[in-house]
file entry13.csv (CSV, C-alpha atoms and all ligand atoms)
chain,number,residue,atom,x,y,z
A,17,MET,CA,-26.5,-22.0,-14.9
A,18,ASN,CA,-24.5,-18.9,-13.7
A,19,LYS,CA,-22.3,-19.1,-10.7
A,20,ILE,CA,-21.5,-16.3,-8.3
A,21,THR,CA,-18.5,-16.7,-6.0
A,22,LEU,CA,-18.5,-14.7,-2.8
A,23,VAL,CA,-15.0,-13.8,-1.8
A,24,VAL,CA,-14.9,-13.0,1.9
A,25,PRO,CA,-11.6,-12.1,3.7
A,26,CYS,CA,-11.7,-13.0,7.5
A,27,TYR,CA,-9.3,-12.1,10.2
A,28,ASN,CA,-10.3,-13.0,13.7
A,29,GLU,CA,-14.0,-13.1,12.9
A,30,GLU,CA,-15.3,-16.0,14.9
A,31,GLU,CA,-18.2,-13.9,16.1
A,32,ALA,CA,-19.2,-12.4,12.8
A,33,LEU,CA,-18.7,-15.4,10.6
A,34,PRO,CA,-21.8,-17.5,11.6
A,35,LEU,CA,-24.0,-14.4,11.4
A,36,PHE,CA,-22.7,-13.6,8.0
A,37,TYR,CA,-23.2,-17.2,6.7
A,38,GLN,CA,-26.8,-17.2,8.1
A,39,GLU,CA,-27.7,-13.7,6.6
A,40,VAL,CA,-26.2,-14.4,3.2
A,41,ASN,CA,-27.9,-17.8,3.0
A,42,LYS,CA,-31.3,-16.0,3.4
A,43,ILE,CA,-30.5,-13.8,0.4
A,44,ILE,CA,-29.1,-16.6,-1.7
A,45,LYS,CA,-32.4,-18.4,-1.5
A,46,GLN,CA,-34.1,-15.5,-3.3
A,47,PHE,CA,-31.9,-16.0,-6.4
A,48,GLU,CA,-33.3,-18.0,-9.2
A,49,LYS,CA,-31.2,-20.3,-11.3
A,50,VAL,CA,-27.9,-19.1,-9.8
A,51,ASP,CA,-25.3,-21.3,-8.2
A,52,PHE,CA,-23.2,-19.9,-5.3
A,53,GLU,CA,-19.7,-20.6,-4.0
A,54,PHE,CA,-18.4,-19.2,-0.8
A,55,LEU,CA,-14.7,-18.6,-0.8
A,56,PHE,CA,-13.5,-17.5,2.6
A,57,ILE,CA,-10.0,-16.4,3.1
A,58,ASP,CA,-8.7,-17.0,6.6
A,59,ASP,CA,-6.0,-14.4,6.9
A,60,GLY,CA,-4.0,-16.1,9.7
A,61,SER,CA,-6.7,-15.7,12.3
A,62,LYS,CA,-5.7,-16.5,15.9
A,63,ASP,CA,-9.2,-17.3,17.1
A,64,LYS,CA,-11.7,-20.0,16.1
A,65,THR,CA,-12.3,-18.6,12.6
A,66,LEU,CA,-10.5,-21.6,10.9
A,67,GLU,CA,-12.4,-24.2,13.0
A,68,ILE,CA,-15.7,-22.6,12.0
A,69,LEU,CA,-14.7,-22.6,8.3
A,70,ARG,CA,-13.8,-26.3,8.5
A,71,GLU,CA,-17.2,-27.1,10.0
A,72,LEU,CA,-19.0,-25.0,7.4
A,73,SER,CA,-17.1,-26.6,4.5
A,74,ILE,CA,-18.0,-30.1,5.7
A,75,LYS,CA,-21.7,-29.2,6.2
A,76,ASP,CA,-22.1,-27.2,3.0
A,77,LYS,CA,-20.3,-28.2,-0.2
A,78,ARG,CA,-20.6,-24.7,-1.6
A,79,VAL,CA,-18.2,-23.4,1.1
A,80,ARG,CA,-14.5,-23.3,0.3
A,81,TYR,CA,-11.7,-21.7,2.2
A,82,ILE,CA,-8.1,-20.8,1.9
A,83,SER,CA,-6.2,-20.4,5.1
A,84,PHE,CA,-3.0,-18.4,5.1
A,85,SER,CA,0.1,-19.4,6.9
A,86,ARG,CA,0.1,-16.0,8.7
A,87,ASN,CA,-1.7,-12.6,8.5
A,88,PHE,CA,-1.0,-11.2,5.1
A,89,GLY,CA,-3.5,-8.4,5.1
A,90,LYS,CA,-6.9,-7.9,3.5
A,91,GLU,CA,-5.4,-7.0,0.1
A,92,ALA,CA,-3.6,-10.4,-0.1
A,93,GLY,CA,-6.9,-12.0,0.9
A,94,LEU,CA,-8.7,-10.3,-1.9
A,95,TYR,CA,-6.1,-11.4,-4.4
A,96,ALA,CA,-6.2,-15.0,-3.2
A,97,GLY,CA,-10.0,-14.9,-3.4
A,98,LEU,CA,-10.1,-13.6,-7.0
A,99,LEU,CA,-7.4,-15.9,-8.1
A,100,ASN,CA,-9.2,-19.0,-6.8
A,101,ALA,CA,-12.8,-18.0,-7.5
A,102,THR,CA,-14.5,-20.3,-10.1
A,103,GLY,CA,-17.7,-18.3,-10.6
A,104,ASP,CA,-18.9,-16.5,-13.7
A,105,TYR,CA,-19.4,-13.5,-11.4
A,106,VAL,CA,-17.4,-12.7,-8.3
A,107,ALA,CA,-18.5,-10.6,-5.4
A,108,VAL,CA,-16.1,-9.3,-2.8
A,109,MET,CA,-17.6,-8.6,0.6
A,110,ASP,CA,-16.6,-8.1,4.3
A,111,VAL,CA,-17.7,-10.7,6.9
A,112,ASP,CA,-18.9,-8.1,9.4
A,113,LEU,CA,-22.2,-7.4,7.5
A,114,GLN,CA,-21.2,-3.8,6.9
A,115,ASP,CA,-21.8,-4.7,3.3
A,116,PRO,CA,-25.6,-5.4,3.2
A,117,PRO,CA,-26.0,-8.8,1.4
A,118,HIS,CA,-29.5,-8.0,0.1
A,119,LEU,CA,-27.8,-5.6,-2.4
A,120,LEU,CA,-26.4,-8.6,-4.2
A,121,LEU,CA,-29.8,-9.1,-5.8
A,122,GLU,CA,-29.8,-5.6,-7.3
A,123,MET,CA,-26.2,-5.9,-8.3
A,124,TYR,CA,-26.7,-9.1,-10.1
A,125,ASP,CA,-29.7,-7.7,-11.9
A,126,LEU,CA,-27.8,-4.6,-13.0
A,127,ILE,CA,-25.0,-6.7,-14.5
A,128,VAL,CA,-27.1,-9.3,-16.2
A,129,ASN,CA,-29.8,-7.1,-17.5
A,130,GLU,CA,-28.2,-3.6,-17.9
A,131,GLY,CA,-24.9,-4.6,-19.3
A,132,TYR,CA,-22.6,-3.3,-16.5
A,133,ASP,CA,-19.3,-5.1,-15.9
A,134,CYS,CA,-19.2,-4.2,-12.3
A,135,VAL,CA,-21.5,-2.9,-9.6
A,136,ALA,CA,-19.7,-1.2,-6.8
A,137,THR,CA,-20.9,0.4,-3.6
A,138,ARG,CA,-20.1,3.5,-1.7
A,139,ARG,CA,-21.3,4.8,1.6
A,140,VAL,CA,-22.6,8.3,1.6
A,141,THR,CA,-22.4,8.7,5.4
A,142,ARG,CA,-19.8,7.8,7.9
A,143,VAL,CA,-22.0,7.5,10.9
A,144,GLY,CA,-20.4,5.9,13.9
A,145,GLU,CA,-16.9,6.8,12.8
A,146,PRO,CA,-14.7,9.2,14.7
A,147,PRO,CA,-15.0,12.6,13.1
A,148,ILE,CA,-11.2,13.0,12.8
A,149,ARG,CA,-11.1,9.8,10.8
A,150,SER,CA,-13.8,11.0,8.4
A,151,PHE,CA,-12.0,14.3,8.0
A,152,PHE,CA,-8.7,12.7,7.0
A,153,ALA,CA,-10.5,10.2,4.8
A,154,SER,CA,-12.1,13.0,2.7
A,155,LEU,CA,-8.8,14.8,2.7
A,156,PHE,CA,-7.1,11.7,1.3
A,157,TYR,CA,-9.6,11.3,-1.5
A,158,LYS,CA,-9.3,15.0,-2.5
A,159,LEU,CA,-5.5,14.7,-2.6
A,160,ILE,CA,-5.2,11.4,-4.4
A,161,ASN,CA,-7.8,12.5,-7.1
A,162,LYS,CA,-5.7,15.6,-7.7
A,163,ILE,CA,-2.4,13.7,-8.1
A,164,SER,CA,-3.5,10.4,-9.7
A,165,LYS,CA,-5.0,9.7,-13.1
A,166,THR,CA,-6.9,6.8,-11.6
A,167,GLU,CA,-10.3,7.8,-10.2
A,168,PHE,CA,-10.8,7.2,-6.5
A,169,VAL,CA,-14.4,7.4,-5.3
A,170,ASP,CA,-14.9,8.9,-1.8
A,171,GLY,CA,-16.5,6.4,0.5
A,172,ALA,CA,-16.1,3.5,-1.9
A,173,ARG,CA,-16.2,0.2,-0.2
A,174,ASP,CA,-14.6,-3.0,-1.5
A,175,PHE,CA,-18.0,-4.6,-1.7
A,176,ARG,CA,-18.7,-5.2,-5.4
A,177,LEU,CA,-19.9,-7.7,-7.9
A,178,MET,CA,-17.8,-8.2,-11.1
A,179,THR,CA,-17.9,-10.2,-14.3
A,180,ARG,CA,-15.3,-12.9,-14.9
A,181,GLN,CA,-13.8,-10.6,-17.6
A,182,MET,CA,-13.1,-7.9,-15.1
A,183,VAL,CA,-11.8,-10.3,-12.5
A,184,ASP,CA,-9.3,-11.7,-15.0
A,185,ALA,CA,-8.2,-8.1,-15.8
A,186,ILE,CA,-7.6,-7.5,-12.1
A,187,LEU,CA,-5.5,-10.7,-11.9
A,188,THR,CA,-3.2,-9.5,-14.6
A,189,LEU,CA,-2.0,-6.9,-12.1
A,190,THR,CA,0.3,-9.0,-10.1
A,191,GLU,CA,2.0,-6.3,-8.1
A,192,TYR,CA,3.1,-7.0,-4.6
A,193,ASN,CA,1.9,-3.7,-3.1
A,194,ARG,CA,-1.8,-4.0,-3.8
A,195,PHE,CA,-4.1,-1.1,-3.3
A,196,SER,CA,-7.4,-2.6,-4.4
A,197,LYS,CA,-9.4,0.7,-4.4
A,198,GLY,CA,-7.0,1.9,-7.0
A,199,ILE,CA,-6.7,-1.4,-8.9
A,200,PHE,CA,-10.5,-1.7,-9.4
A,201,GLY,CA,-10.5,1.8,-10.9
A,202,TRP,CA,-7.4,1.3,-12.9
A,203,VAL,CA,-8.7,-1.6,-14.9
A,204,GLY,CA,-11.6,0.4,-16.1
A,205,PHE,CA,-14.9,-1.3,-17.3
A,206,LYS,CA,-18.4,0.0,-17.0
A,207,THR,CA,-19.1,0.4,-13.3
A,208,LYS,CA,-22.4,1.3,-11.6
A,209,TRP,CA,-22.2,2.8,-8.1
A,210,ILE,CA,-24.9,2.0,-5.5
A,211,GLU,CA,-25.0,4.2,-2.5
A,212,TYR,CA,-26.0,3.4,1.0
A,213,GLU,CA,-25.7,4.6,4.6
A,214,ASN,CA,-22.9,3.4,6.7
A,215,ILE,CA,-23.7,0.3,8.8
A,216,LYS,CA,-22.0,-0.7,12.0
A,217,ARG,CA,-20.3,-4.0,12.4
A,218,VAL,CA,-22.5,-6.8,13.7
A,219,ALA,CA,-19.8,-8.2,16.0
A,220,GLY,CA,-16.1,-8.0,16.7
A,221,THR,CA,-14.0,-4.8,16.2
A,222,THR,CA,-12.5,-3.1,13.3
A,223,LYS,CA,-8.9,-4.1,12.5
A,224,TRP,CA,-8.0,-0.6,11.3
A,225,SER,CA,-6.4,1.8,13.7
A,226,PHE,CA,-6.0,5.4,12.7
A,227,TRP,CA,-2.2,4.8,12.3
A,228,LYS,CA,-2.8,1.8,10.1
A,229,LEU,CA,-5.1,3.8,7.9
A,230,PHE,CA,-2.6,6.6,7.6
A,231,ILE,CA,0.1,4.2,6.4
A,232,TYR,CA,-2.4,2.5,4.0
A,233,SER,CA,-3.2,5.9,2.5
A,234,ILE,CA,0.4,6.6,1.9
A,235,GLU,CA,0.7,3.2,0.2
A,236,GLY,CA,-2.2,4.2,-2.0
A,237,ILE,CA,-0.5,7.5,-3.0
A,238,VAL,CA,2.8,5.8,-3.8
A,239,ALA,CA,1.1,3.1,-5.8
A,240,PHE,CA,-1.0,5.3,-7.9
A,241,SER,CA,0.9,8.6,-8.4
A,242,THR,CA,4.4,9.7,-9.0
A,243,ILE,CA,3.7,13.4,-8.5
A,244,PRO,CA,5.2,13.4,-5.0
A,245,LEU,CA,8.5,12.6,-6.7
A,246,SER,CA,8.4,15.9,-8.4
A,247,ILE,CA,8.0,17.7,-5.2
A,248,ALA,CA,11.8,17.7,-4.7
A,249,SER,CA,12.4,19.4,-8.0
A,250,ILE,CA,9.6,22.0,-7.4
A,251,MET,CA,10.9,22.8,-4.0
A,252,GLY,CA,14.4,23.0,-5.3
A,253,ILE,CA,13.5,25.6,-7.9
A,254,LEU,CA,11.4,27.5,-5.3
A,255,PHE,CA,14.3,27.7,-2.8
A,256,CYS,CA,16.8,28.8,-5.5
A,257,LEU,CA,14.5,31.6,-6.4
A,258,VAL,CA,14.1,32.7,-2.8
A,259,ALA,CA,17.9,32.4,-2.2
A,260,PHE,CA,18.5,34.5,-5.3
A,261,LEU,CA,16.2,37.3,-4.1
A,262,MET,CA,17.8,37.2,-0.7
A,263,ILE,CA,21.3,37.6,-2.1
A,264,ILE,CA,20.2,40.7,-4.0
A,265,VAL,CA,18.5,42.1,-0.9
A,266,ILE,CA,21.6,41.5,1.2
A,267,ILE,CA,24.0,43.0,-1.3
A,268,ILE,CA,21.9,46.2,-1.5
A,269,LYS,CA,21.5,46.3,2.3
A,270,THR,CA,25.3,45.9,2.8
A,271,LEU,CA,26.0,48.7,0.3
A,272,ILE,CA,23.7,51.1,2.0
A,273,PHE,CA,24.0,50.2,5.7
A,274,GLY,CA,27.5,48.6,5.9
A,275,ASP,CA,28.0,45.1,7.1
A,276,PRO,CA,26.9,44.5,10.7
A,277,THR,CA,27.5,40.9,11.9
A,278,SER,CA,24.0,40.3,13.3
A,279,GLY,CA,21.5,37.8,11.9
A,280,TRP,CA,22.6,34.4,13.0
A,281,PRO,CA,19.1,33.6,14.4
A,282,SER,CA,17.7,34.0,10.9
A,283,LEU,CA,20.5,31.9,9.6
A,284,VAL,CA,19.7,29.0,12.0
A,285,CYS,CA,16.1,29.2,11.0
A,286,ILE,CA,17.0,28.9,7.3
A,287,ILE,CA,19.4,26.0,7.9
A,288,PHE,CA,16.6,24.2,9.8
A,289,LEU,CA,14.1,24.9,7.1
A,290,VAL,CA,16.2,23.9,4.2
A,291,SER,CA,17.5,20.7,5.9
A,292,GLY,CA,14.0,19.8,6.9
A,293,VAL,CA,12.8,20.2,3.3
A,294,GLN,CA,15.7,18.1,2.1
A,295,LEU,CA,15.0,15.3,4.5
A,296,PHE,CA,11.3,15.4,3.6
A,297,CYS,CA,12.1,15.0,-0.1
A,298,LEU,CA,14.6,12.2,0.7
A,299,GLY,CA,11.8,10.5,2.6
A,300,ILE,CA,9.5,10.7,-0.4
A,301,ILE,CA,12.2,9.1,-2.6
A,302,GLY,CA,12.7,6.5,0.1
A,303,GLN,CA,9.0,5.6,0.0
A,304,TYR,CA,9.2,4.9,-3.7
A,305,LEU,CA,12.5,3.1,-3.4
A,306,SER,CA,11.2,0.8,-0.7
A,307,LYS,CA,8.2,-0.1,-2.8
A,308,THR,CA,10.4,-0.8,-5.8
A,309,TYR,CA,12.7,-2.9,-3.6
A,310,LEU,CA,9.8,-5.0,-2.4
A,311,GLU,CA,8.5,-5.4,-6.0
A,312,THR,CA,11.8,-6.6,-7.3
A,313,LYS,CA,12.0,-9.3,-4.7
A,314,LYS,CA,9.0,-10.9,-6.4
A,315,ARG,CA,7.8,-12.5,-3.2
A,316,PRO,CA,4.5,-14.4,-3.3
A,317,ILE,CA,1.5,-12.2,-2.2
A,318,TYR,CA,0.3,-14.9,0.1
A,319,ILE,CA,1.1,-18.4,1.3
A,320,THR,CA,-1.6,-21.1,1.7
A,321,LYS,CA,-1.5,-23.4,4.7
A,322,GLU,CA,-4.7,-25.2,4.4
A,323,THR,CA,-7.8,-25.3,2.1
A,324,GLU,CA,-11.0,-27.4,2.4
A,325,LYS,CA,-9.5,-29.9,0.1
A,326,THR,CA,-6.2,-30.5,2.0
A,327,TYR,CA,-8.2,-30.7,5.2
A,328,GLU,CA,-10.5,-33.4,3.8
A,329,LYS,CA,-7.5,-35.4,2.6
A,330,LYS,CA,-5.8,-35.2,6.0
A,331,LYS,CA,-8.9,-36.5,7.7
A,332,HIS,CA,-9.1,-39.6,5.5
B,401,LIG,N1,-9.4,-8.4,7.2
B,401,LIG,C1,-8.5,-9.3,6.7
B,401,LIG,N2,-7.2,-9.2,7.1
B,401,LIG,C2,-6.7,-8.1,7.9
B,401,LIG,C3,-7.7,-7.2,8.4
B,401,LIG,C4,-9.0,-7.3,8.0
B,401,LIG,O1,-8.9,-10.2,6.0
B,401,LIG,O2,-5.5,-8.1,8.2
B,401,LIG,C5,-10.9,-8.5,6.9
B,401,LIG,C6,-11.8,-8.5,8.0
B,401,LIG,O3,-12.0,-9.8,8.6
B,401,LIG,C7,-13.1,-8.0,7.4
B,401,LIG,C8,-12.6,-7.0,6.3
B,401,LIG,O4,-11.2,-7.4,6.1
B,401,LIG,O5,-13.9,-9.0,6.8
B,401,LIG,C9,-12.7,-5.6,6.7
B,401,LIG,O6,-12.1,-5.4,7.9
B,401,LIG,P1,-12.7,-4.4,9.0
B,401,LIG,O7,-14.2,-4.6,9.2
B,401,LIG,O8,-11.9,-4.5,10.2
B,401,LIG,O9,-12.4,-3.0,8.3
B,401,LIG,P2,-13.4,-1.7,8.3
B,401,LIG,O10,-14.8,-2.2,7.8
B,401,LIG,O11,-13.5,-1.2,9.6
B,401,LIG,O12,-12.8,-0.8,7.3
B,402,MG,MG,-15.8,-3.6,8.6
call {"tool": "encode", "arguments": {"input": "entry13.csv", "output": "structure tokens"}}
result
Amino acid sequence: MNKITLVVPCYNEEEALPLFYQEVNKIIKQFEKVDFEFLFIDDGSKDKTLEILRELSIKDKRVRYISFSRNFGKEAGLYAGLLNATGDYVAVMDVDLQDPPHLLLEMYDLIVNEGYDCVATRRVTRVGEPPIRSFFASLFYKLINKISKTEFVDGARDFRLMTRQMVDAILTLTEYNRFSKGIFGWVGFKTKWIEYENIKRVAGTTKWSFWKLFIYSIEGIVAFSTIPLSIASIMGILFCLVAFLMIIVIIIKTLIFGDPTSGWPSLVCIIFLVSGVQLFCLGIIGQYLSKTYLETKKRPIYITKETEKTYEKKKH
């Protein structure tokens, strides 16, 4: 019998968690001859998420959980989930029911009967999202697809079902700075995209502020493209050319009109511009350097504090 593991990262999701469990159970019943395993990742929640997970795991033997020692972020949660999943197929989904569980049926069918390695989802609308966020999101996708060899699909969600082979491939990427949207694309494999309209969260609030998303997008660019590093060289050449032209213009002007000592405002502007560009380029190098620094430390991606097994042992 085939087994599907559902990897579900949760951070302060006491409201959404019971609803999720209930909804998914309804769908699971419709599967024939498939075992299920729930693998919840409690990402250092400060509310009752862990208590709910403990209860669920006692009531339902299919429920497993990993509780982190602190908040490590969703990417770390996904990694922990994939690493500890025991299923032949692994699905990754959010707990807020923004990823419609009924799609699992279709996804499983596509993988088993049509030979896909992975069925992923993308939302075609961004209803209920601030327009400015949508604007920057689409800008980000345009940009990163230009400068990265890995394909990034606009509106792609993390919700997907994968074969064991693809999960193992993802796990060979042990980098500390994880950008899953890129990693999923980078490993390749035959992926089918299912589209659906954006759905609002059932309960709770999103953990992503605009600022957090902005920083996340920069992480994505740094992780999957080195083009920004060439910006310094391109700008350098450009500025040399401009300076060269200006020197010629000034020499000719001086020869024709003499040498009046005006022009310091333009000089100040140029100094500001050039030093601005220099700092900008230095900042880009700094971004890559900081990521390299973090990678070389080889810190663990997450730290486990409790799982359903250690909890049971403690009780006895
Ligand atoms: N999440 C997490 N750790 C975090 C932030 C979020 O595990 O630090 C989980 C969260 O519980 C949810 C999923 O990641 O299951 C997606 O989060 P959210 O719904 O806030 O993001 P959005 O859907 O708005 O992009
Ligand atoms: Mg959500």
call {"tool": "residues_near_ligand", "arguments": {"input": "entry13.csv", "ligand": "ligand LIG 401 (chain B)", "cutoff": "8 Å", "atoms": "all atoms listed in the file", "output": "number ranges by chain"}}
result
A: 24-29, 57-59, 87-91, 93-94, 109-112, 114, 217, 221-224
call {"tool": "atom_distance", "arguments": {"input": "entry13.csv", "atom1": "atom CA of A:Phe52", "atom2": "atom CA of A:Arg78"}}
result
6.6 Å
call {"tool": "atom_distance", "arguments": {"input": "entry13.csv", "atom1": "atom CA of A:Leu295", "atom2": "atom CA of A:Leu254"}}
result
16.1 Å
call {"tool": "closest_residue", "arguments": {"input": "entry13.csv", "among": "A:Ala107, A:Ala219, A:Ile44, A:Ile210", "to": "ligand MG 402 (chain B)", "atoms": "only C-alpha atoms and all ligand atoms"}}
result
A:Ala219
call {"tool": "residues_around", "arguments": {"input": "entry13.csv", "residues": "A:Tyr212", "least_positions_apart": "5", "cutoff": "8 Å", "atoms": "only C-alpha atoms", "output": "compact mmCIF listing (two decimals) with C-alpha atoms, keeping the file's coordinate frame"}}
result
# COMPACT_ATOMS: atom_id res chain seq x y z
CA THR A 137 -20.90 0.40 -3.60
CA ARG A 138 -20.10 3.50 -1.70
CA ARG A 139 -21.30 4.80 1.60
CA VAL A 140 -22.60 8.30 1.60
CA THR A 141 -22.40 8.70 5.40
call {"tool": "closest_residue", "arguments": {"input": "entry13.csv", "among": "A:Ile286, A:Val79, A:Leu229, A:Ile263", "to": "A:Lys325", "atoms": "all atoms listed in the file"}}
result
A:Val79
call {"tool": "residues_around", "arguments": {"input": "entry13.csv", "residues": "stretch 170-182 of chain A", "least_positions_apart": "6", "cutoff": "9 Å", "atoms": "all atoms listed in the file", "output": "MDAnalysis selection string"}}
result
chainID A and resid 20 22 102:110 115 120 123:124 127 132:142 153:154 156:158 196:197 200 203:205 207 209 211
call {"tool": "closest_residue", "arguments": {"input": "entry13.csv", "among": "A:Ser225, A:Asn161, A:Ser291, A:Thr323", "to": "ligand MG 402 (chain B)", "atoms": "all atoms listed in the file"}}
result
A:Ser225
call {"tool": "atom_distance", "arguments": {"input": "entry13.csv", "atom1": "atom CA of A:Glu130", "atom2": "atom CA of A:Pro117"}}
result
20.1 Å
call {"tool": "closest_residue", "arguments": {"input": "entry13.csv", "among": "A:Val258, A:Ile253, A:Val50, A:Leu113", "to": "ligand MG 402 (chain B)", "atoms": "all atoms listed in the file"}}
result
A:Leu113
call {"tool": "residues_around", "arguments": {"input": "entry13.csv", "residues": "A:Ile163", "least_positions_apart": "3", "cutoff": "12 Å", "atoms": "all atoms listed in the file", "output": "list in words"}}
result
Phe156, Tyr157, Lys158, Leu159, Ile160, Thr166, Glu167, Phe168, Gly236, Ile237, Val238, Ala239, Phe240, Ser241, Thr242, Ile243, Pro244, Leu245, Ser246 and Ile247 of chain A
call {"tool": "closest_residue", "arguments": {"input": "entry13.csv", "among": "A:Ala248, A:Ile268, A:Ile317, A:Ala96", "to": "A:Glu191", "atoms": "only C-alpha atoms"}}
result
A:Ile317
call {"tool": "residues_near_point", "arguments": {"input": "entry13.csv", "point": "(-6.0, -22.8, -7.0)", "cutoff": "12 Å", "atoms": "all atoms listed in the file", "output": "list in words"}}
result
Leu55, Arg80, Tyr81, Ile82, Tyr95, Ala96, Gly97, Leu98, Leu99, Asn100, Ala101, Thr102, Ile319, Thr320, Glu322, Thr323, Glu324, Lys325 and Thr326 of chain A
call {"tool": "closest_residue", "arguments": {"input": "entry13.csv", "among": "A:Ile250, A:Ile215, A:Ile186, A:Leu121", "to": "ligand MG 402 (chain B)", "atoms": "all atoms listed in the file"}}
result
A:Ile215
